[in-house]
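Pasted below: run.txt, compact mmCIF, C-alpha atoms and all ligand atoms.
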```txt
# COMPACT_ATOMS: atom_id res chain seq x y z
CA MET A 1 -2.65 6.82 20.51
CA THR A 2 -3.93 9.16 17.84
CA ARG A 3 -7.65 9.42 17.26
CA VAL A 4 -9.19 10.97 14.17
CA PHE A 5 -11.02 14.32 14.60
CA ASP A 6 -14.66 13.22 14.33
CA ASP A 7 -15.78 16.29 12.35
CA ASP A 8 -13.20 15.45 9.64
CA LEU A 9 -15.32 12.41 8.83
CA ASN A 10 -18.20 14.65 7.67
CA ALA A 11 -16.15 16.05 4.80
CA GLY A 12 -15.74 14.71 1.27
CA PHE A 13 -12.59 12.87 0.20
CA ALA A 14 -10.71 15.78 -1.38
CA THR A 15 -11.50 18.02 1.60
CA ARG A 16 -10.24 15.35 3.98
CA ALA A 17 -7.07 14.91 1.90
CA ILE A 18 -6.26 18.60 2.35
CA HIS A 19 -7.54 19.33 5.85
CA ALA A 20 -8.10 16.19 7.93
CA GLY A 21 -5.94 16.08 11.03
CA GLN A 22 -4.56 19.56 10.41
CA ARG A 23 -5.62 22.69 12.23
CA PRO A 24 -3.98 26.15 12.04
CA GLU A 25 -1.01 26.15 14.36
CA PRO A 26 -1.88 28.01 17.63
CA LEU A 27 1.22 30.26 17.96
CA ALA A 28 1.07 32.14 14.62
CA GLY A 29 -1.81 30.51 12.79
CA ALA A 30 0.49 28.86 10.21
CA ILE A 31 -1.81 27.10 7.76
CA MET A 32 0.72 24.34 7.16
CA THR A 33 1.37 21.96 10.03
CA PRO A 34 4.89 22.73 11.31
CA VAL A 35 7.65 20.12 11.26
CA TYR A 36 8.11 19.53 14.99
CA LEU A 37 11.84 18.84 15.04
CA THR A 38 12.17 17.87 18.66
CA SER A 39 12.99 14.71 20.53
CA THR A 40 11.46 15.80 23.84
CA TYR A 41 9.05 18.28 25.44
CA VAL A 42 9.59 20.45 28.51
CA GLN A 43 7.48 19.39 31.48
CA GLU A 44 5.99 22.01 33.81
CA GLY A 45 6.45 19.77 36.80
CA LEU A 46 6.71 16.08 37.55
CA GLY A 47 3.85 14.37 35.75
CA GLN A 48 2.65 17.71 34.34
CA ASN A 49 2.95 18.19 30.59
CA LYS A 50 0.95 19.24 27.54
CA GLY A 51 0.25 15.64 26.54
CA TYR A 52 3.68 15.18 24.96
CA GLU A 53 6.62 13.64 26.80
CA TYR A 54 9.04 12.07 24.33
CA ALA A 55 8.90 12.05 20.53
CA ARG A 56 9.05 8.28 20.01
CA GLY A 57 5.67 8.23 21.72
CA LYS A 58 4.10 11.32 20.15
CA ASN A 59 4.98 14.05 17.68
CA PRO A 60 2.43 16.64 16.48
CA THR A 61 3.49 16.39 12.81
CA ARG A 62 3.18 12.62 12.96
CA GLU A 63 -0.19 12.88 14.69
CA ALA A 64 -1.49 15.11 11.89
CA LEU A 65 -0.47 12.49 9.33
CA GLU A 66 -1.98 9.67 11.39
CA ARG A 67 -5.29 11.51 11.70
CA ASN A 68 -5.25 12.42 8.04
CA VAL A 69 -4.79 8.90 6.68
CA ALA A 70 -7.19 7.46 9.26
CA ALA A 71 -9.84 9.92 8.01
CA LEU A 72 -9.16 9.00 4.38
CA GLU A 73 -9.70 5.32 5.15
CA GLY A 74 -12.81 6.11 7.21
CA GLY A 75 -11.10 4.68 10.31
CA ARG A 76 -10.64 5.91 13.88
CA HIS A 77 -6.95 5.46 14.66
CA GLY A 78 -3.78 5.87 12.59
CA PHE A 79 -0.22 4.75 13.38
CA ALA A 80 2.71 5.98 11.32
CA PHE A 81 5.88 3.92 10.88
CA GLY A 82 9.26 4.40 9.27
CA SER A 83 8.28 2.21 6.30
CA GLY A 84 5.55 -0.08 5.00
CA MET A 85 7.64 -2.98 6.28
CA GLY A 86 7.78 -1.32 9.69
CA CYS A 87 3.96 -1.48 9.65
CA LEU A 88 3.89 -5.18 8.85
CA ASP A 89 6.59 -5.89 11.42
CA SER A 90 4.44 -4.19 14.07
CA ILE A 91 1.38 -6.19 13.00
CA MET A 92 3.37 -9.42 13.30
CA LYS A 93 4.23 -8.48 16.90
CA LEU A 94 0.52 -8.84 17.73
CA PHE A 95 1.06 -12.61 17.52
CA ARG A 96 3.21 -15.23 19.20
CA SER A 97 5.07 -18.40 18.47
CA GLY A 98 2.70 -21.15 17.31
CA ASP A 99 0.13 -18.75 15.85
CA HIS A 100 -0.84 -19.30 12.23
CA ILE A 101 -1.40 -16.73 9.50
CA VAL A 102 -3.02 -17.10 6.10
CA CYS A 103 -1.37 -14.76 3.63
CA GLY A 104 -1.90 -14.09 -0.07
CA GLU A 105 0.73 -15.91 -2.10
CA ASN A 106 1.36 -12.91 -4.32
CA VAL A 107 2.10 -10.19 -1.81
CA TYR A 108 4.99 -7.71 -2.10
CA GLY A 109 8.24 -9.73 -1.97
CA GLY A 110 9.38 -7.97 1.19
CA SER A 111 6.16 -8.91 3.01
CA HIS A 112 6.74 -12.54 2.08
CA ARG A 113 10.38 -12.31 3.23
CA LEU A 114 9.49 -10.74 6.59
CA MET A 115 6.85 -13.36 7.37
CA GLU A 116 8.90 -16.35 6.25
CA ARG A 117 12.47 -15.50 7.13
CA ILE A 118 12.05 -13.47 10.28
CA TYR A 119 8.74 -14.48 11.88
CA GLY A 120 8.97 -18.03 10.50
CA ASN A 121 12.20 -18.38 12.47
CA LEU A 122 10.44 -17.08 15.57
CA GLY A 123 7.82 -19.83 15.41
CA LEU A 124 4.93 -18.22 13.52
CA LYS A 125 3.46 -20.39 10.78
CA VAL A 126 2.34 -18.83 7.52
CA SER A 127 0.32 -20.46 4.71
CA PHE A 128 0.57 -18.62 1.39
CA VAL A 129 -2.53 -19.17 -0.74
CA ASP A 130 -4.08 -17.82 -3.92
CA MET A 131 -6.68 -15.42 -2.52
CA ARG A 132 -8.59 -15.03 -5.77
CA ASP A 133 -10.55 -18.00 -4.42
CA ILE A 134 -11.95 -17.55 -0.88
CA GLY A 135 -12.15 -21.37 -0.69
CA ASN A 136 -8.34 -21.46 -0.60
CA ILE A 137 -8.37 -19.27 2.52
CA GLU A 138 -11.01 -21.47 4.17
CA ARG A 139 -9.04 -24.63 3.39
CA ALA A 140 -5.86 -23.15 4.90
CA LEU A 141 -7.47 -22.24 8.26
CA THR A 142 -6.32 -24.15 11.35
CA PRO A 143 -7.29 -23.88 15.04
CA ALA A 144 -4.14 -21.75 15.46
CA THR A 145 -5.08 -19.21 12.75
CA ARG A 146 -5.06 -15.64 14.01
CA MET A 147 -4.76 -13.41 10.94
CA VAL A 148 -5.75 -13.30 7.27
CA TYR A 149 -3.46 -10.95 5.36
CA CYS A 150 -4.24 -9.87 1.85
CA GLU A 151 -3.06 -7.43 -0.73
CA THR A 152 -5.58 -6.40 -3.38
CA PRO A 153 -4.72 -5.71 -6.16
CA THR A 154 -1.58 -7.77 -5.68
CA ASN A 155 1.94 -6.73 -6.53
CA PRO A 156 2.68 -7.46 -9.36
CA MET A 157 0.07 -9.91 -10.73
CA MET A 158 -2.86 -7.52 -10.16
CA ASN A 159 -5.00 -10.30 -8.66
CA LEU A 160 -7.95 -9.30 -6.50
CA THR A 161 -9.41 -10.68 -3.29
CA ASP A 162 -13.13 -10.28 -2.70
CA LEU A 163 -13.05 -7.88 0.26
CA ALA A 164 -16.68 -8.43 1.30
CA ALA A 165 -16.21 -12.21 1.30
CA VAL A 166 -12.94 -12.12 3.24
CA GLY A 167 -14.45 -9.57 5.66
CA ASP A 168 -17.43 -11.88 6.33
CA LEU A 169 -15.17 -14.90 6.79
CA THR A 170 -12.77 -13.23 9.22
CA GLN A 171 -15.53 -11.56 11.23
CA ALA A 172 -17.41 -14.83 11.57
CA HIS A 173 -14.33 -16.54 13.04
CA GLY A 174 -12.71 -13.62 14.85
CA TYR A 175 -9.49 -13.60 12.80
CA VAL A 176 -7.71 -10.28 12.37
CA CYS A 177 -8.20 -9.22 8.76
CA VAL A 178 -5.43 -7.00 7.36
CA VAL A 179 -5.52 -5.47 3.90
CA ASP A 180 -2.54 -3.86 2.21
CA ASN A 181 -4.22 -1.01 0.33
CA THR A 182 -1.03 0.48 -1.10
CA PHE A 183 -1.91 -0.06 -4.77
CA ALA A 184 -5.52 1.15 -4.73
CA THR A 185 -5.24 3.88 -2.06
CA PRO A 186 -8.36 4.98 -0.15
CA TYR A 187 -9.28 7.11 -3.16
CA PHE A 188 -10.28 3.95 -5.04
CA GLN A 189 -10.88 1.36 -2.30
CA ARG A 190 -11.70 1.41 1.42
CA PRO A 191 -11.25 -2.04 2.98
CA LEU A 192 -12.58 -1.08 6.45
CA GLN A 193 -16.04 -0.70 4.88
CA TYR A 194 -15.93 -4.38 3.97
CA GLY A 195 -14.97 -5.62 7.42
CA ALA A 196 -11.17 -5.40 7.37
CA ASP A 197 -9.72 -4.74 10.84
CA ILE A 198 -6.48 -3.05 9.81
CA VAL A 199 -5.47 -1.28 6.60
CA LEU A 200 -1.76 -1.08 5.78
CA HIS A 201 -0.05 1.46 3.54
CA SER A 202 3.41 1.97 2.27
CA THR A 203 3.09 5.79 2.27
CA THR A 204 6.30 5.71 0.23
CA LYS A 205 4.05 5.04 -2.78
CA TYR A 206 0.85 6.77 -3.91
CA LEU A 207 -0.04 8.49 -0.64
CA ASN A 208 3.11 10.58 -0.60
CA GLY A 209 3.33 10.31 -4.36
CA HIS A 210 6.58 12.19 -4.96
CA SER A 211 9.24 9.53 -4.34
CA ASP A 212 11.00 11.63 -1.73
CA MET A 213 10.45 9.68 1.51
CA VAL A 214 9.89 6.19 2.89
CA GLY A 215 7.06 5.55 5.33
CA GLY A 216 4.12 3.41 6.35
CA LEU A 217 0.75 3.79 8.02
CA LEU A 218 -1.76 1.52 9.74
CA VAL A 219 -5.42 2.40 10.24
CA THR A 220 -7.92 0.60 12.44
CA SER A 221 -11.27 1.34 14.03
CA ARG A 222 -10.96 -1.47 16.57
CA GLU A 223 -10.10 -0.10 20.02
CA ASP A 224 -8.43 -3.33 21.19
CA LEU A 225 -6.11 -3.44 18.17
CA ALA A 226 -5.45 0.30 18.43
CA GLU A 227 -4.34 -0.15 22.06
CA GLN A 228 -1.95 -2.93 21.07
CA LEU A 229 -0.58 -1.19 17.98
CA GLY A 230 -0.04 2.02 19.94
CA PHE A 231 1.87 0.05 22.55
CA ILE A 232 4.00 -1.69 19.89
CA GLN A 233 4.64 1.57 18.02
CA ASN A 234 6.10 3.16 21.14
CA ALA A 235 7.72 0.04 22.61
CA ALA A 236 9.41 -1.16 19.42
CA GLY A 237 9.98 2.36 18.11
CA ALA A 238 9.85 1.99 14.31
CA VAL A 239 8.52 5.55 14.03
CA PRO A 240 9.07 7.99 11.15
CA GLY A 241 10.79 11.34 11.55
CA PRO A 242 8.66 14.50 11.45
CA MET A 243 10.10 15.71 8.13
CA ASP A 244 8.98 12.54 6.38
CA CYS A 245 5.53 12.86 7.98
CA TRP A 246 5.32 16.43 6.71
CA LEU A 247 6.30 15.41 3.19
CA ALA A 248 3.61 12.70 3.21
CA LEU A 249 1.01 15.18 4.52
CA ARG A 250 1.86 17.57 1.72
CA GLY A 251 1.80 14.83 -0.89
CA ILE A 252 -1.62 13.59 0.22
CA LYS A 253 -3.18 17.00 -0.40
CA THR A 254 -3.11 16.24 -4.15
CA LEU A 255 -3.93 12.53 -3.87
CA PRO A 256 -7.35 12.76 -5.59
CA LEU A 257 -5.97 14.80 -8.52
CA ARG A 258 -2.99 12.51 -8.94
CA MET A 259 -5.01 9.30 -8.69
CA ARG A 260 -7.38 10.48 -11.41
CA GLN A 261 -4.45 11.01 -13.78
CA HIS A 262 -2.68 7.76 -12.78
CA ASP A 263 -5.97 6.01 -13.50
CA ALA A 264 -6.50 7.76 -16.85
CA ASN A 265 -2.97 6.87 -17.94
CA GLY A 266 -3.29 3.32 -16.59
CA ARG A 267 -6.49 2.66 -18.54
CA ARG A 268 -5.16 4.06 -21.82
CA ILE A 269 -1.79 2.37 -21.59
CA ALA A 270 -3.23 -1.02 -20.55
CA GLU A 271 -5.63 -0.93 -23.46
CA TRP A 272 -2.81 0.07 -25.84
CA LEU A 273 -0.62 -2.76 -24.54
CA THR A 274 -3.30 -5.36 -25.34
CA ARG A 275 -2.85 -4.40 -29.01
CA GLN A 276 0.93 -4.95 -29.03
CA ARG A 277 2.03 -8.22 -30.65
CA VAL A 278 4.84 -8.86 -28.14
CA ALA A 279 2.61 -8.42 -25.08
CA THR A 280 1.45 -11.98 -24.39
CA ASN A 281 -0.48 -11.01 -21.26
CA VAL A 282 -1.55 -7.66 -19.83
CA TYR A 283 -2.57 -7.60 -16.17
CA TYR A 284 -4.76 -4.62 -15.26
CA PRO A 285 -8.08 -4.91 -13.36
CA GLY A 286 -9.60 -2.10 -15.40
CA LEU A 287 -9.48 -4.18 -18.59
CA PRO A 288 -12.75 -5.97 -19.36
CA SER A 289 -10.55 -8.97 -20.24
CA HIS A 290 -9.16 -9.14 -16.66
CA PRO A 291 -10.70 -12.30 -15.14
CA GLN A 292 -11.79 -10.33 -12.05
CA HIS A 293 -12.91 -7.15 -13.80
CA GLU A 294 -16.44 -7.46 -12.48
CA LEU A 295 -15.16 -7.74 -8.87
CA ALA A 296 -12.84 -4.79 -9.51
CA CYS A 297 -15.85 -2.68 -10.57
CA ARG A 298 -17.72 -3.75 -7.42
CA GLN A 299 -15.07 -2.94 -4.81
CA MET A 300 -12.94 -0.28 -6.51
CA THR A 301 -13.99 3.06 -7.96
CA GLY A 302 -10.93 3.23 -10.24
CA PHE A 303 -7.96 1.05 -11.13
CA GLY A 304 -4.90 3.28 -10.84
CA GLY A 305 -1.60 3.28 -12.68
CA MET A 306 -0.09 -0.16 -12.00
CA ILE A 307 0.12 -2.53 -14.95
CA SER A 308 2.06 -5.74 -15.42
CA VAL A 309 2.80 -7.07 -18.87
CA ASP A 310 4.35 -10.35 -19.93
CA LEU A 311 6.60 -9.99 -22.96
CA GLY A 312 6.90 -13.73 -23.53
CA ASP A 313 10.71 -13.78 -23.54
CA PRO A 314 13.03 -12.90 -20.61
CA ALA A 315 15.70 -11.43 -22.90
CA ARG A 316 13.13 -9.14 -24.54
CA ALA A 317 11.86 -8.07 -21.10
CA ARG A 318 15.43 -7.22 -20.06
CA ARG A 319 16.06 -5.19 -23.21
CA PHE A 320 12.71 -3.44 -22.88
CA VAL A 321 13.19 -2.21 -19.28
CA GLU A 322 16.59 -0.84 -20.23
CA ARG A 323 15.32 1.07 -23.28
CA THR A 324 12.44 3.13 -21.97
CA LYS A 325 13.41 6.74 -21.41
CA ILE A 326 10.53 8.38 -19.54
CA PHE A 327 9.71 5.18 -17.64
CA ALA A 328 12.78 5.06 -15.37
CA LEU A 329 14.17 1.67 -14.38
CA ALA A 330 13.80 1.71 -10.60
CA GLU A 331 12.31 -0.04 -7.59
CA SER A 332 9.16 1.47 -6.04
CA LEU A 333 5.95 2.80 -7.56
CA GLY A 334 3.19 5.32 -7.11
CA GLY A 335 5.15 8.52 -7.74
CA VAL A 336 4.22 11.27 -10.17
CA GLU A 337 7.02 10.01 -12.45
CA SER A 338 6.63 6.77 -14.40
CA LEU A 339 8.77 3.81 -13.36
CA ILE A 340 9.45 0.42 -14.90
CA GLY A 341 10.66 -2.71 -13.13
CA HIS A 342 11.42 -6.38 -13.56
CA PRO A 343 9.75 -8.06 -10.55
CA ALA A 344 11.59 -11.40 -10.82
CA THR A 345 14.97 -9.75 -10.26
CA MET A 346 13.87 -6.65 -8.37
CA THR A 347 10.85 -6.35 -6.05
CA HIS A 348 10.15 -10.11 -5.88
CA ALA A 349 13.69 -11.53 -6.07
CA SER A 350 13.30 -12.77 -2.48
CA VAL A 351 10.31 -14.97 -3.43
CA PRO A 352 11.43 -18.54 -4.26
CA ALA A 353 11.64 -19.08 -8.05
CA ALA A 354 9.21 -22.04 -8.02
CA MET A 355 6.60 -19.95 -6.19
CA ARG A 356 7.08 -17.09 -8.66
CA GLN A 357 6.59 -19.40 -11.64
CA ALA A 358 3.50 -21.01 -10.09
CA MET A 359 1.74 -17.66 -9.80
CA GLY A 360 2.67 -16.47 -13.29
CA LEU A 361 5.41 -14.13 -12.13
CA THR A 362 7.70 -15.11 -14.98
CA ASP A 363 11.14 -13.80 -15.90
CA SER A 364 9.50 -12.08 -18.88
CA LEU A 365 7.10 -10.05 -16.70
CA VAL A 366 7.57 -6.28 -16.61
CA ARG A 367 5.79 -3.96 -14.16
CA LEU A 368 4.84 -0.41 -15.04
CA SER A 369 3.99 2.32 -12.58
CA CYS A 370 2.31 4.87 -14.83
CA GLY A 371 2.96 8.36 -13.52
CA ILE A 372 0.99 11.48 -14.34
CA GLU A 373 2.93 12.65 -17.41
CA ASP A 374 1.13 13.17 -20.75
CA THR A 375 -0.38 9.88 -21.92
CA GLU A 376 0.89 10.31 -25.49
CA ASP A 377 4.47 10.76 -24.27
CA LEU A 378 4.25 7.61 -22.17
CA ILE A 379 2.81 5.56 -25.01
CA GLY A 380 5.45 7.01 -27.36
CA ASP A 381 8.17 5.95 -24.91
CA LEU A 382 6.86 2.38 -24.71
CA GLU A 383 6.49 2.27 -28.49
CA GLN A 384 10.12 3.25 -29.11
CA ALA A 385 11.31 0.75 -26.48
CA PHE A 386 9.27 -2.04 -28.12
CA GLY A 387 10.69 -1.00 -31.49
CA SER A 388 14.27 -1.42 -30.34
CA SER A 389 13.73 -4.48 -28.09
CA GLY A 390 12.69 -6.93 -30.82
C1 LIG A 401 2.18 -3.42 -1.86
C2 LIG A 401 3.34 -3.04 -1.00
N1 LIG A 401 3.23 -3.13 0.33
C3 LIG A 401 4.25 -2.81 1.15
C4 LIG A 401 5.45 -2.39 0.65
C5 LIG A 401 6.59 -2.06 1.58
O1 LIG A 401 6.68 -0.70 1.78
P1 LIG A 401 8.04 0.07 2.15
O2 LIG A 401 8.94 -0.06 0.97
O3 LIG A 401 7.58 1.46 2.43
O4 LIG A 401 8.61 -0.62 3.36
C6 LIG A 401 5.62 -2.27 -0.73
C7 LIG A 401 6.90 -1.81 -1.29
O5 LIG A 401 7.15 -1.86 -2.47
C8 LIG A 401 4.54 -2.61 -1.57
O6 LIG A 401 4.64 -2.53 -2.92
```
Show me the file's structure as structure tokens.
Amino acid sequence: MTRVFDDDLNAGFATRAIHAGQRPEPLAGAIMTPVYLTSTYVQEGLGQNKGYEYARGKNPTREALERNVAALEGGRHGFAFGSGMGCLDSIMKLFRSGDHIVCGENVYGGSHRLMERIYGNLGLKVSFVDMRDIGNIERALTPATRMVYCETPTNPMMNLTDLAAVGDLTQAHGYVCVVDNTFATPYFQRPLQYGADIVLHSTTKYLNGHSDMVGGLLVTSREDLAEQLGFIQNAAGAVPGPMDCWLALRGIKTLPLRMRQHDANGRRIAEWLTRQRVATNVYYPGLPSHPQHELACRQMTGFGGMISVDLGDPARARRFVERTKIFALAESLGGVESLIGHPATMTHASVPAAMRQAMGLTDSLVRLSCGIEDTEDLIGDLEQAFGSSG
């Protein structure tokens, strides 16, 4: 399993983003980590090798990425997977039939689908609760509970979970606490500091930031979990290819710069949206009107570029997402380019309609992933789309 280089942890965040896990390559001194396109490694004799035997187990490009993201999260071990869902799938393999999980009700639709429709069928029980209130987690606990899984901010309702409170609760009872940190990124929020055991990322999103690969990453500082995750990573084999690891490594080098601009655009656009007549609700933790703004200021150092807005009428929402020009209608988020989506029919279509309605994920909700283009251009684009959507 990959362990972070300890001296990387002495550096500041931007320095880690550029250098952590990466050392000049020994043959020629290449400053960029090479893409190790190999499936196997020559052995000098039986049982004698350079620490690499077969690339499902280890690949130097992948190791660099694993060390890099582990250092950004302030953790000890990183595990890269072929997607964010590959990460969650590997976490679920830590448990067995009869075990119980408490999960946030408003997680990414695919996380809900994997837990319910695949692991539910294999005998794991999952309770989905509103994690804005820690009491709901406490009330859902059973003697069989093994994991508390939360996403904060949530996709797409932008609800928060109090990380310190959930960290205290899970540590007191010995539950595995997993936090999906995809939306905030370690630039704005570091769940391990609050007692989380595992941080999950879809590197497809902000970490890579350029919408040109799909990947996932887990970080933990717990040796027992690292042993198990390393075993699962190799045994189940949902590993990413080296080219995708290299793209993510390159993307991460500019993470701090990009996040600052996503955040600047997010704040301006959210505030502008609150002044639009047709926007009945704007969900953005950076707005003082967000019910959990005070918690957001406590556990996050910025709020990023994700905004959800309810347009009060499903037909208007449909027209709106089809009329923006810079905001492209597409699944995914977190890239340098702005995207717009309709969660009820796109990212969260697999969540039962009644559950969507209960959490405010209406058919008139639109989700924006604000990229790093000029703020005025983005606002101009939304303005013209509002103008022609009625
Ligand atoms: C918050 C969150 N977690 C996990 C995932 C899944 O990641 P991937 O698409 O890389 O499997 C997504 C995808 O949209 C997401 O938004």
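Between atom CA of A:Val219 and atom CA of A:Val69 there is a distance of 7.4 Å.
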Original post:
For the point (0.1, -19.0, -0.9) in file coordinates, what residues are within 7 Å, counting only C-alpha atoms? Give the answer as a list in words?
Top reply: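 Applying the cut-off with only C-alpha atoms, one gets Cys103, Gly104, Glu105, Ser127, Phe128, Val129 and Asp130 of chain A.
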**OP:** Would you be able to write out as a list of chain:residue names which residues have an atom within 8 Å of (-3.9, 12.8, -5.1) in the file's coordinates, counting all atoms listed in the file?
**Re:**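 All residues meeting the 8 Å criterion around (-3.9, 12.8, -5.1) are A:Ala17, A:Tyr206, A:Leu207, A:Gly209, A:Gly251, A:Ile252, A:Lys253, A:Thr254, A:Leu255, A:Pro256, A:Leu257, A:Arg258, A:Met259, A:Arg260.
By all atoms listed in the file, and with residues fewer than 3 positions from A:Ile134 along its chain excluded, the set lying at most 8 Å from it is Met131, Ile137, Glu138, Thr161, Asp162, Ala165 and Val166 of chain A.
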Original post:
Quick one: residues within 12 Å of stretch 356-363 of chain A, all atoms listed in the file counted, chain neighbours fewer than 4 positions away excluded, as number ranges by chain?
Top reply: A: 104-109, 112, 128-132, 154-159, 280-283, 308-318, 341-352, 367
